>>> print(open('data27.cif').read())   # mmCIF, N, CA and C atoms and all ligand atoms
data_run
#
loop_
_atom_site.label_atom_id
_atom_site.label_comp_id
_atom_site.auth_asym_id
_atom_site.auth_seq_id
_atom_site.Cartn_x
_atom_site.Cartn_y
_atom_site.Cartn_z
N MET S 15 160.25 81.29 48.32
CA MET S 15 159.36 80.56 49.25
C MET S 15 157.91 80.76 48.81
N PRO S 16 157.14 79.65 48.59
CA PRO S 16 155.74 79.80 48.19
C PRO S 16 154.96 80.62 49.22
N ARG S 17 154.22 81.62 48.74
CA ARG S 17 153.47 82.51 49.63
C ARG S 17 152.23 82.99 48.91
N ASP S 18 151.12 83.12 49.65
CA ASP S 18 149.89 83.66 49.07
C ASP S 18 149.57 84.95 49.83
N PRO S 19 149.62 86.10 49.13
CA PRO S 19 149.44 87.39 49.83
C PRO S 19 148.08 87.53 50.49
N ASP S 20 147.10 86.71 50.07
CA ASP S 20 145.76 86.80 50.68
C ASP S 20 145.56 85.81 51.82
N CYS S 21 146.60 85.00 52.10
CA CYS S 21 146.43 83.92 53.08
C CYS S 21 146.72 84.42 54.49
N VAL S 22 145.78 84.16 55.40
CA VAL S 22 145.92 84.65 56.77
C VAL S 22 147.13 84.02 57.46
N PHE S 23 147.41 82.75 57.18
CA PHE S 23 148.55 82.11 57.84
C PHE S 23 149.87 82.60 57.25
N CYS S 24 149.89 82.89 55.94
CA CYS S 24 151.10 83.50 55.36
C CYS S 24 151.36 84.86 56.02
N LYS S 25 150.28 85.57 56.34
CA LYS S 25 150.45 86.88 57.00
C LYS S 25 151.02 86.70 58.41
N ILE S 26 150.64 85.61 59.07
CA ILE S 26 151.20 85.32 60.39
C ILE S 26 152.70 85.00 60.26
N VAL S 27 153.07 84.25 59.21
CA VAL S 27 154.47 83.87 59.01
C VAL S 27 155.37 85.11 58.92
N VAL S 28 154.89 86.15 58.23
CA VAL S 28 155.72 87.35 58.07
C VAL S 28 155.37 88.43 59.09
N ALA S 29 154.59 88.04 60.13
CA ALA S 29 154.20 88.95 61.22
C ALA S 29 153.41 90.16 60.73
N GLU S 30 152.71 89.98 59.62
CA GLU S 30 151.84 91.05 59.12
C GLU S 30 150.58 91.14 59.97
N ILE S 31 150.15 90.00 60.51
CA ILE S 31 149.10 90.02 61.54
C ILE S 31 149.64 89.25 62.75
N PRO S 32 149.16 89.63 63.95
CA PRO S 32 149.74 89.03 65.15
C PRO S 32 149.22 87.61 65.38
N ALA S 33 150.03 86.84 66.08
CA ALA S 33 149.62 85.51 66.53
C ALA S 33 150.38 85.22 67.81
N ALA S 34 149.77 84.37 68.64
CA ALA S 34 150.43 83.97 69.89
C ALA S 34 151.33 82.79 69.57
N VAL S 35 152.53 83.12 69.08
CA VAL S 35 153.48 82.08 68.65
C VAL S 35 154.10 81.42 69.87
N VAL S 36 154.04 80.08 69.90
CA VAL S 36 154.61 79.35 71.03
C VAL S 36 155.92 78.66 70.67
N TYR S 37 156.12 78.39 69.38
CA TYR S 37 157.30 77.62 68.96
C TYR S 37 157.55 77.87 67.49
N GLU S 38 158.81 77.96 67.09
CA GLU S 38 159.11 78.07 65.67
C GLU S 38 160.50 77.53 65.38
N ASN S 39 160.68 77.06 64.17
CA ASN S 39 162.01 76.71 63.69
C ASN S 39 162.10 77.15 62.23
N GLU S 40 163.12 76.71 61.51
CA GLU S 40 163.32 77.23 60.15
C GLU S 40 162.20 76.80 59.19
N SER S 41 161.46 75.76 59.54
CA SER S 41 160.44 75.23 58.62
C SER S 41 159.00 75.50 59.04
N ILE S 42 158.76 75.57 60.35
CA ILE S 42 157.37 75.62 60.83
C ILE S 42 157.18 76.73 61.87
N ILE S 43 155.91 77.08 62.09
CA ILE S 43 155.55 77.98 63.20
C ILE S 43 154.35 77.36 63.89
N SER S 44 154.33 77.42 65.22
CA SER S 44 153.17 76.95 65.97
C SER S 44 152.64 78.09 66.83
N PHE S 45 151.32 78.23 66.84
CA PHE S 45 150.69 79.33 67.59
C PHE S 45 149.33 78.88 68.09
N LEU S 46 148.79 79.64 69.05
CA LEU S 46 147.46 79.32 69.59
C LEU S 46 146.40 79.54 68.53
N ASP S 47 145.46 78.59 68.42
CA ASP S 47 144.28 78.81 67.58
C ASP S 47 143.46 79.91 68.23
N VAL S 48 143.03 80.87 67.41
CA VAL S 48 142.33 82.05 67.94
C VAL S 48 140.93 81.68 68.46
N ASN S 49 140.37 80.58 67.97
CA ASN S 49 139.07 80.08 68.46
C ASN S 49 139.24 78.64 68.94
N PRO S 50 139.80 78.48 70.13
CA PRO S 50 140.23 77.15 70.56
C PRO S 50 139.08 76.20 70.85
N LEU S 51 139.30 74.91 70.52
CA LEU S 51 138.36 73.87 70.93
C LEU S 51 138.57 73.55 72.40
N ALA S 52 139.75 73.84 72.89
CA ALA S 52 140.07 73.72 74.32
C ALA S 52 141.22 74.67 74.57
N GLU S 53 141.39 75.12 75.82
CA GLU S 53 142.49 76.03 76.13
C GLU S 53 143.82 75.40 75.75
N GLY S 54 144.65 76.15 75.04
CA GLY S 54 145.96 75.64 74.65
C GLY S 54 145.96 74.95 73.30
N HIS S 55 144.82 74.93 72.60
CA HIS S 55 144.71 74.37 71.24
C HIS S 55 145.76 75.03 70.35
N LEU S 56 146.65 74.22 69.78
CA LEU S 56 147.73 74.74 68.94
C LEU S 56 147.49 74.46 67.46
N LEU S 57 147.99 75.34 66.63
CA LEU S 57 148.10 75.08 65.19
C LEU S 57 149.58 75.03 64.87
N VAL S 58 149.95 74.19 63.93
CA VAL S 58 151.33 74.19 63.44
C VAL S 58 151.27 74.20 61.92
N ILE S 59 152.04 75.14 61.35
CA ILE S 59 151.98 75.36 59.89
C ILE S 59 153.39 75.38 59.31
N PRO S 60 153.52 74.95 58.05
CA PRO S 60 154.80 75.18 57.38
C PRO S 60 154.93 76.67 57.07
N ARG S 61 156.14 77.20 57.06
CA ARG S 61 156.32 78.62 56.69
C ARG S 61 155.91 78.85 55.24
N GLU S 62 156.08 77.82 54.42
CA GLU S 62 155.74 77.95 53.00
C GLU S 62 154.26 77.66 52.80
N HIS S 63 153.68 78.34 51.81
CA HIS S 63 152.25 78.17 51.55
C HIS S 63 151.98 76.99 50.63
N TYR S 64 151.29 76.00 51.15
CA TYR S 64 150.72 74.91 50.35
C TYR S 64 149.30 74.74 50.84
N SER S 65 148.35 74.63 49.90
CA SER S 65 146.96 74.51 50.38
C SER S 65 146.63 73.08 50.77
N SER S 66 147.34 72.11 50.22
CA SER S 66 147.00 70.71 50.51
C SER S 66 148.25 69.91 50.80
N VAL S 67 148.08 68.87 51.59
CA VAL S 67 149.17 67.91 51.81
C VAL S 67 149.66 67.35 50.48
N LEU S 68 148.75 67.27 49.50
CA LEU S 68 149.13 66.73 48.19
C LEU S 68 150.21 67.58 47.52
N ASP S 69 150.31 68.84 47.92
CA ASP S 69 151.26 69.76 47.26
C ASP S 69 152.59 69.89 48.00
N ILE S 70 152.68 69.38 49.23
CA ILE S 70 153.88 69.64 50.04
C ILE S 70 155.00 68.69 49.66
N PRO S 71 156.22 69.21 49.47
CA PRO S 71 157.36 68.30 49.29
C PRO S 71 157.50 67.44 50.56
N PRO S 72 157.85 66.16 50.41
CA PRO S 72 157.92 65.26 51.58
C PRO S 72 158.77 65.80 52.73
N THR S 73 159.83 66.54 52.43
CA THR S 73 160.67 67.05 53.53
C THR S 73 159.89 68.06 54.38
N GLN S 74 159.08 68.90 53.71
CA GLN S 74 158.28 69.88 54.44
C GLN S 74 157.19 69.18 55.25
N CYS S 75 156.64 68.13 54.67
CA CYS S 75 155.61 67.35 55.35
C CYS S 75 156.21 66.73 56.61
N GLY S 76 157.43 66.21 56.46
CA GLY S 76 158.12 65.62 57.60
C GLY S 76 158.38 66.66 58.67
N ALA S 77 158.76 67.86 58.25
CA ALA S 77 159.06 68.93 59.21
C ALA S 77 157.81 69.27 60.02
N LEU S 78 156.66 69.23 59.36
CA LEU S 78 155.40 69.57 60.03
C LEU S 78 155.10 68.57 61.15
N PHE S 79 155.29 67.29 60.87
CA PHE S 79 154.93 66.29 61.88
C PHE S 79 156.06 66.03 62.86
N SER S 80 157.29 66.36 62.47
CA SER S 80 158.41 66.04 63.36
C SER S 80 158.37 66.84 64.66
N VAL S 81 157.61 67.95 64.67
CA VAL S 81 157.53 68.73 65.90
C VAL S 81 156.40 68.25 66.82
N ALA S 82 155.63 67.26 66.37
CA ALA S 82 154.49 66.79 67.19
C ALA S 82 154.93 66.32 68.58
N PRO S 83 156.03 65.55 68.72
CA PRO S 83 156.43 65.15 70.08
C PRO S 83 156.78 66.34 70.96
N THR S 84 157.52 67.30 70.42
CA THR S 84 157.92 68.48 71.20
C THR S 84 156.70 69.29 71.60
N LEU S 85 155.84 69.57 70.63
CA LEU S 85 154.65 70.37 70.92
C LEU S 85 153.71 69.61 71.85
N GLY S 86 153.54 68.31 71.59
CA GLY S 86 152.64 67.51 72.41
C GLY S 86 153.06 67.46 73.87
N ARG S 87 154.36 67.29 74.10
CA ARG S 87 154.86 67.26 75.49
C ARG S 87 154.58 68.58 76.19
N ALA S 88 154.85 69.69 75.49
CA ALA S 88 154.62 71.01 76.10
C ALA S 88 153.13 71.22 76.35
N LEU S 89 152.31 70.80 75.39
CA LEU S 89 150.86 70.95 75.53
C LEU S 89 150.35 70.20 76.78
N MET S 90 150.83 68.98 76.96
CA MET S 90 150.39 68.18 78.12
C MET S 90 150.81 68.87 79.43
N GLU S 91 152.04 69.42 79.42
CA GLU S 91 152.56 70.06 80.63
C GLU S 91 151.81 71.35 80.93
N VAL S 92 151.61 72.17 79.89
CA VAL S 92 151.03 73.50 80.10
C VAL S 92 149.54 73.42 80.40
N THR S 93 148.82 72.54 79.71
CA THR S 93 147.36 72.50 79.86
C THR S 93 146.89 71.47 80.87
N GLY S 94 147.76 70.55 81.27
CA GLY S 94 147.34 69.47 82.16
C GLY S 94 146.42 68.48 81.46
N ALA S 95 146.45 68.47 80.13
CA ALA S 95 145.59 67.55 79.38
C ALA S 95 145.99 66.10 79.67
N GLU S 96 145.03 65.20 79.40
CA GLU S 96 145.29 63.76 79.58
C GLU S 96 145.65 63.11 78.25
N GLY S 97 145.44 63.84 77.17
CA GLY S 97 145.75 63.35 75.82
C GLY S 97 145.53 64.49 74.85
N PHE S 98 145.76 64.23 73.59
CA PHE S 98 145.50 65.29 72.59
C PHE S 98 145.21 64.66 71.24
N ASN S 99 144.40 65.37 70.47
CA ASN S 99 144.14 64.97 69.08
C ASN S 99 145.07 65.75 68.17
N VAL S 100 145.65 65.06 67.18
CA VAL S 100 146.38 65.72 66.09
C VAL S 100 145.51 65.58 64.86
N LEU S 101 145.05 66.72 64.33
CA LEU S 101 144.09 66.70 63.22
C LEU S 101 144.63 67.52 62.06
N LEU S 102 144.35 67.04 60.86
CA LEU S 102 144.68 67.83 59.68
C LEU S 102 143.48 67.71 58.74
N ASN S 103 142.78 68.81 58.54
CA ASN S 103 141.64 68.83 57.63
C ASN S 103 142.14 69.23 56.25
N ASP S 104 141.99 68.35 55.28
CA ASP S 104 142.52 68.64 53.93
C ASP S 104 141.36 68.68 52.94
N GLY S 105 141.06 69.88 52.47
CA GLY S 105 139.95 70.06 51.53
C GLY S 105 138.69 70.50 52.24
N ARG S 106 137.88 71.26 51.52
CA ARG S 106 136.65 71.82 52.12
C ARG S 106 135.74 70.72 52.67
N ALA S 107 135.64 69.61 51.90
CA ALA S 107 134.75 68.52 52.32
C ALA S 107 135.20 67.91 53.65
N ALA S 108 136.50 68.07 53.96
CA ALA S 108 137.04 67.54 55.20
C ALA S 108 137.07 68.59 56.31
N GLY S 109 136.51 69.77 56.03
CA GLY S 109 136.42 70.79 57.07
C GLY S 109 137.51 71.84 57.03
N GLN S 110 138.36 71.81 55.98
CA GLN S 110 139.43 72.82 55.91
C GLN S 110 138.84 74.18 55.56
N VAL S 111 139.11 75.15 56.39
CA VAL S 111 138.63 76.52 56.15
C VAL S 111 139.79 77.40 55.69
N VAL S 112 140.93 77.29 56.36
CA VAL S 112 142.10 78.09 55.96
C VAL S 112 142.95 77.26 54.99
N SER S 113 143.13 77.80 53.79
CA SER S 113 143.80 77.04 52.72
C SER S 113 145.32 77.13 52.79
N HIS S 114 145.86 76.93 53.96
CA HIS S 114 147.31 76.83 54.17
C HIS S 114 147.44 75.63 55.11
N VAL S 115 148.10 74.59 54.62
CA VAL S 115 148.16 73.34 55.39
C VAL S 115 148.49 73.60 56.86
N HIS S 116 147.75 72.98 57.73
CA HIS S 116 148.01 73.14 59.16
C HIS S 116 147.54 71.93 59.93
N CYS S 117 148.26 71.61 61.00
CA CYS S 117 147.83 70.56 61.93
C CYS S 117 147.28 71.24 63.17
N HIS S 118 146.21 70.65 63.70
CA HIS S 118 145.66 71.06 64.99
C HIS S 118 146.20 70.10 66.05
N LEU S 119 146.58 70.64 67.21
CA LEU S 119 146.84 69.80 68.38
C LEU S 119 145.85 70.26 69.44
N VAL S 120 144.90 69.39 69.75
CA VAL S 120 143.79 69.76 70.63
C VAL S 120 143.91 69.02 71.96
N PRO S 121 144.11 69.77 73.05
CA PRO S 121 144.21 69.12 74.36
C PRO S 121 142.90 68.42 74.71
N ARG S 122 142.99 67.22 75.28
CA ARG S 122 141.78 66.46 75.61
C ARG S 122 141.80 65.96 77.06
N ARG S 123 140.60 65.84 77.61
CA ARG S 123 140.40 65.21 78.91
C ARG S 123 139.30 64.19 78.74
N ALA S 124 139.34 63.14 79.52
CA ALA S 124 138.32 62.09 79.40
C ALA S 124 136.92 62.67 79.61
N ASP S 125 136.83 63.70 80.48
CA ASP S 125 135.49 64.22 80.81
C ASP S 125 135.17 65.52 80.07
N ASP S 126 135.95 65.84 79.00
CA ASP S 126 135.60 67.08 78.28
C ASP S 126 134.37 66.83 77.41
N ASP S 127 133.81 67.94 76.89
CA ASP S 127 132.54 67.80 76.17
C ASP S 127 132.73 67.91 74.65
N LEU S 128 133.97 67.70 74.18
CA LEU S 128 134.22 67.87 72.74
C LEU S 128 133.64 66.73 71.91
N GLY S 129 133.73 65.50 72.42
CA GLY S 129 133.25 64.35 71.66
C GLY S 129 134.18 64.03 70.51
N TYR S 130 134.18 62.79 70.07
CA TYR S 130 134.96 62.41 68.88
C TYR S 130 134.51 61.03 68.46
N ARG S 131 133.40 60.97 67.81
CA ARG S 131 132.88 59.69 67.35
C ARG S 131 132.38 59.87 65.93
N TRP S 132 132.95 59.09 64.98
CA TRP S 132 132.45 59.10 63.61
C TRP S 132 131.71 57.80 63.35
N ASN S 133 130.82 57.82 62.38
CA ASN S 133 130.02 56.63 62.10
C ASN S 133 130.81 55.66 61.23
N ALA S 134 131.54 54.75 61.86
CA ALA S 134 132.33 53.76 61.11
C ALA S 134 131.40 52.77 60.42
N LYS S 135 131.84 52.28 59.26
CA LYS S 135 131.03 51.35 58.45
C LYS S 135 131.71 49.99 58.38
N LYS S 136 131.02 49.04 57.74
CA LYS S 136 131.61 47.71 57.49
C LYS S 136 131.80 47.55 55.99
N TYR S 137 132.84 46.79 55.57
CA TYR S 137 133.00 46.46 54.16
C TYR S 137 132.06 45.33 53.77
N SER S 138 131.48 45.44 52.58
CA SER S 138 130.76 44.29 52.03
C SER S 138 131.81 43.25 51.62
N PRO S 139 131.42 41.95 51.56
CA PRO S 139 132.42 40.90 51.27
C PRO S 139 133.18 41.18 49.97
N GLY S 140 134.50 41.17 50.03
CA GLY S 140 135.34 41.35 48.84
C GLY S 140 135.70 42.79 48.53
N ARG S 141 134.96 43.72 49.09
CA ARG S 141 135.21 45.14 48.77
C ARG S 141 136.57 45.61 49.31
N ASP S 142 136.95 45.09 50.48
CA ASP S 142 138.25 45.48 51.05
C ASP S 142 139.39 44.98 50.16
N ALA S 143 139.23 43.77 49.58
CA ALA S 143 140.26 43.24 48.68
C ALA S 143 140.33 44.08 47.39
N GLU S 144 139.16 44.49 46.88
CA GLU S 144 139.14 45.35 45.68
C GLU S 144 139.88 46.66 45.94
N LEU S 145 139.60 47.24 47.10
CA LEU S 145 140.23 48.52 47.43
C LEU S 145 141.73 48.38 47.64
N THR S 146 142.13 47.28 48.27
CA THR S 146 143.57 47.03 48.48
C THR S 146 144.28 46.96 47.14
N ALA S 147 143.67 46.25 46.18
CA ALA S 147 144.26 46.13 44.84
C ALA S 147 144.31 47.50 44.16
N ALA S 148 143.25 48.28 44.31
CA ALA S 148 143.21 49.61 43.70
C ALA S 148 144.30 50.51 44.29
N TYR S 149 144.49 50.42 45.61
CA TYR S 149 145.56 51.21 46.24
C TYR S 149 146.92 50.78 45.73
N GLN S 150 147.13 49.47 45.65
CA GLN S 150 148.45 48.99 45.21
C GLN S 150 148.74 49.46 43.79
N LYS S 151 147.70 49.47 42.93
CA LYS S 151 147.87 49.95 41.56
C LYS S 151 148.20 51.46 41.56
N ALA S 152 147.47 52.20 42.41
CA ALA S 152 147.70 53.66 42.47
C ALA S 152 149.14 53.96 42.92
N PHE S 153 149.63 53.23 43.93
CA PHE S 153 151.00 53.47 44.41
C PHE S 153 152.01 53.11 43.33
N ALA S 154 151.74 52.03 42.61
CA ALA S 154 152.67 51.59 41.56
C ALA S 154 152.79 52.65 40.46
N GLN S 155 151.71 53.44 40.28
CA GLN S 155 151.71 54.45 39.21
C GLN S 155 152.32 55.78 39.65
N GLN S 156 152.52 55.98 40.96
CA GLN S 156 153.05 57.27 41.44
C GLN S 156 154.54 57.42 41.15
P1 LIG S 201 140.53 74.40 59.60
O1 LIG S 201 139.05 74.25 59.75
O2 LIG S 201 140.92 75.10 58.32
O3 LIG S 201 141.25 73.09 59.80
O4 LIG S 201 140.97 75.29 60.82
C1 LIG S 201 141.40 76.62 60.71
C2 LIG S 201 141.67 77.10 62.13
O5 LIG S 201 142.37 78.32 62.04
C3 LIG S 201 140.40 77.34 62.93
O6 LIG S 201 140.42 76.52 64.10
C4 LIG S 201 140.46 78.83 63.26
O7 LIG S 201 140.02 79.11 64.56
C5 LIG S 201 141.93 79.15 63.08
N1 LIG S 201 142.19 80.52 62.64
C6 LIG S 201 141.60 81.14 61.58
N2 LIG S 201 142.11 82.39 61.43
C7 LIG S 201 143.04 82.53 62.42
C8 LIG S 201 143.90 83.62 62.78
O8 LIG S 201 143.92 84.70 62.19
N3 LIG S 201 144.71 83.43 63.85
C9 LIG S 201 144.73 82.24 64.54
N4 LIG S 201 145.57 82.16 65.57
N5 LIG S 201 143.93 81.21 64.23
C10 LIG S 201 143.09 81.36 63.17
ZN ZN S 202 149.50 80.65 53.29
#
>>> encode(input="data27.cif", output="structure tokens", more="lines below")
Ligand code: 5GP
Ligand code: ZN
Amino acid sequence: MPRDPDCVFCKIVVAEIPAAVVYENESIISFLDVNPLAEGHLLVIPREHYSSVLDIPPTQCGALFSVAPTLGRALMEVTGAEGFNVLLNDGRAAGQVVSHVHCHLVPRRADDDLGYRWNAKKYSPGRDAELTAAYQKAFAQQ
């Protein structure tokens, strides 16, 4: 099983450091984020160490997201949230701090103070078609 002895989440997987584990199965573990954005903020990680989604075998990737309905339902019930964000920061530029793939499930309320607005842009004429073609070429080469 891929493991990084210096990784804090790998240490949680083998109970070398404690975590408030709420759910686990043969592929994943879910526990409370130690610095929550809201009470009940969950992390879910594969037991195996991969630093990026790009490195995860598709079955492991599927295992990570397949628990979202189960965890989400429990999160809504336990926290009384009105909704939740599922976030995955991949790479430092995207805000990833812990280099072991993980999803955040963040309980949300309409009147909470977390905010979630990014500066969306517009495509210049034809640029969307160029990008679509570039994507199709990239997929064809994978
Ligand atoms: P990232 O920015 O990498 O997507 O988020 C990493 C998250 O892991 C942060 O929200 C941080 O609070 C959480 N975290 C970091 N170290 C620990 C730890 O030792 N235990 C737990 N439960 N959460 C941690
Ligand atoms: Zn790890």
>>> closest_residue(input="data27.cif", among="S:Ser80, S:Ser65, S:Ser138, S:Asn99", to="ligand ZN 202 (chain S)", atoms="only C-alpha atoms and all ligand atoms")
S:Ser65
>>> closest_residue(input="data27.cif", among="S:Cys117, S:Ala134, S:Val36, S:Ala107", to="S:Leu78", atoms="all atoms listed in the file")
S:Cys117
>>> residues_around(input="data27.cif", residues="S:Leu102", least_positions_apart="6", cutoff="8 Å", atoms="all atoms listed in the file", output="ChimeraX atom specification")
/S:108-110,115-119
>>> select_by_dssp(input="data27.cif", residues="stretch 25-78 of chain S", states="strand (DSSP E)", output="ChimeraX atom specification")
/S:35-38,42-46,56-60
>>> select_by_dssp(input="data27.cif", residues="stretch 31-155 of chain S", states="helix (DSSP H, G or I)", output="ChimeraX atom specification")
/S:67-69,72-80,82-93,106-108,141-155
>>> atom_distance(input="data27.cif", atom1="atom CA of S:Gln155", atom2="atom N of S:Glu62")
28.2 Å
>>> residues_near_ligand(input="data27.cif", ligand="ligand ZN 202 (chain S)", cutoff="8 Å", atoms="only N, CA and C atoms and all ligand atoms", output="list of chain:residue names")
S:Pro16, S:Arg17, S:Asp18, S:Pro19, S:Asp20, S:Cys21, S:Val22, S:Phe23, S:Cys24, S:Lys25, S:Ile26, S:Val27, S:Pro60, S:Arg61, S:Glu62, S:His63, S:Tyr64, S:Ser65, S:Val112, S:Ser113, S:His114, S:Val115
>>> atom_distance(input="data27.cif", atom1="atom N of S:Val67", atom2="atom N of S:Arg106")
10.5 Å
>>> residues_around(input="data27.cif", residues="S:Arg122", least_positions_apart="6", cutoff="6 Å", atoms="all atoms listed in the file", output="PyMOL selection string")
chain S and resi 95-99
>>> atom_distance(input="data27.cif", atom1="atom CA of S:Leu101", atom2="atom CA of S:Lys135")
20.7 Å
>>> closest_residue(input="data27.cif", among="S:Leu145, S:Val111, S:Val35, S:Ile42", to="ligand LIG 201 (chain S)", atoms="all atoms listed in the file")
S:Val111
>>> axis_aligned_box(input="data27.cif", around="stretch 92-100 of chain S", padding_each_side="5 Å", output="AutoDock Vina command-line options")
--center_x 147.9 --center_y 68.3 --center_z 73.5 --size_x 17.5 --size_y 20.4 --size_z 27.3
>>> closest_residue(input="data27.cif", among="S:Asn49, S:Gln156, S:Ser66, S:Asn133", to="ligand LIG 201 (chain S)", atoms="only N, CA and C atoms and all ligand atoms")
S:Asn49
>>> closest_residue(input="data27.cif", among="S:Ser44, S:Gln150, S:Thr93, S:Asn103", to="ligand LIG 201 (chain S)", atoms="only C-alpha atoms and all ligand atoms")
S:Asn103
>>> closest_residue(input="data27.cif", among="S:Val120, S:Ile70, S:Glu91, S:Asn39", to="ligand LIG 201 (chain S)", atoms="only C-alpha atoms and all ligand atoms")
S:Val120
>>> residues_around(input="data27.cif", residues="S:Ala77", least_positions_apart="4", cutoff="8 Å", atoms="only N, CA and C atoms", output="VMD selection string")
chain S and resid 41 to 42 59 to 60 71 to 73 81 to 82
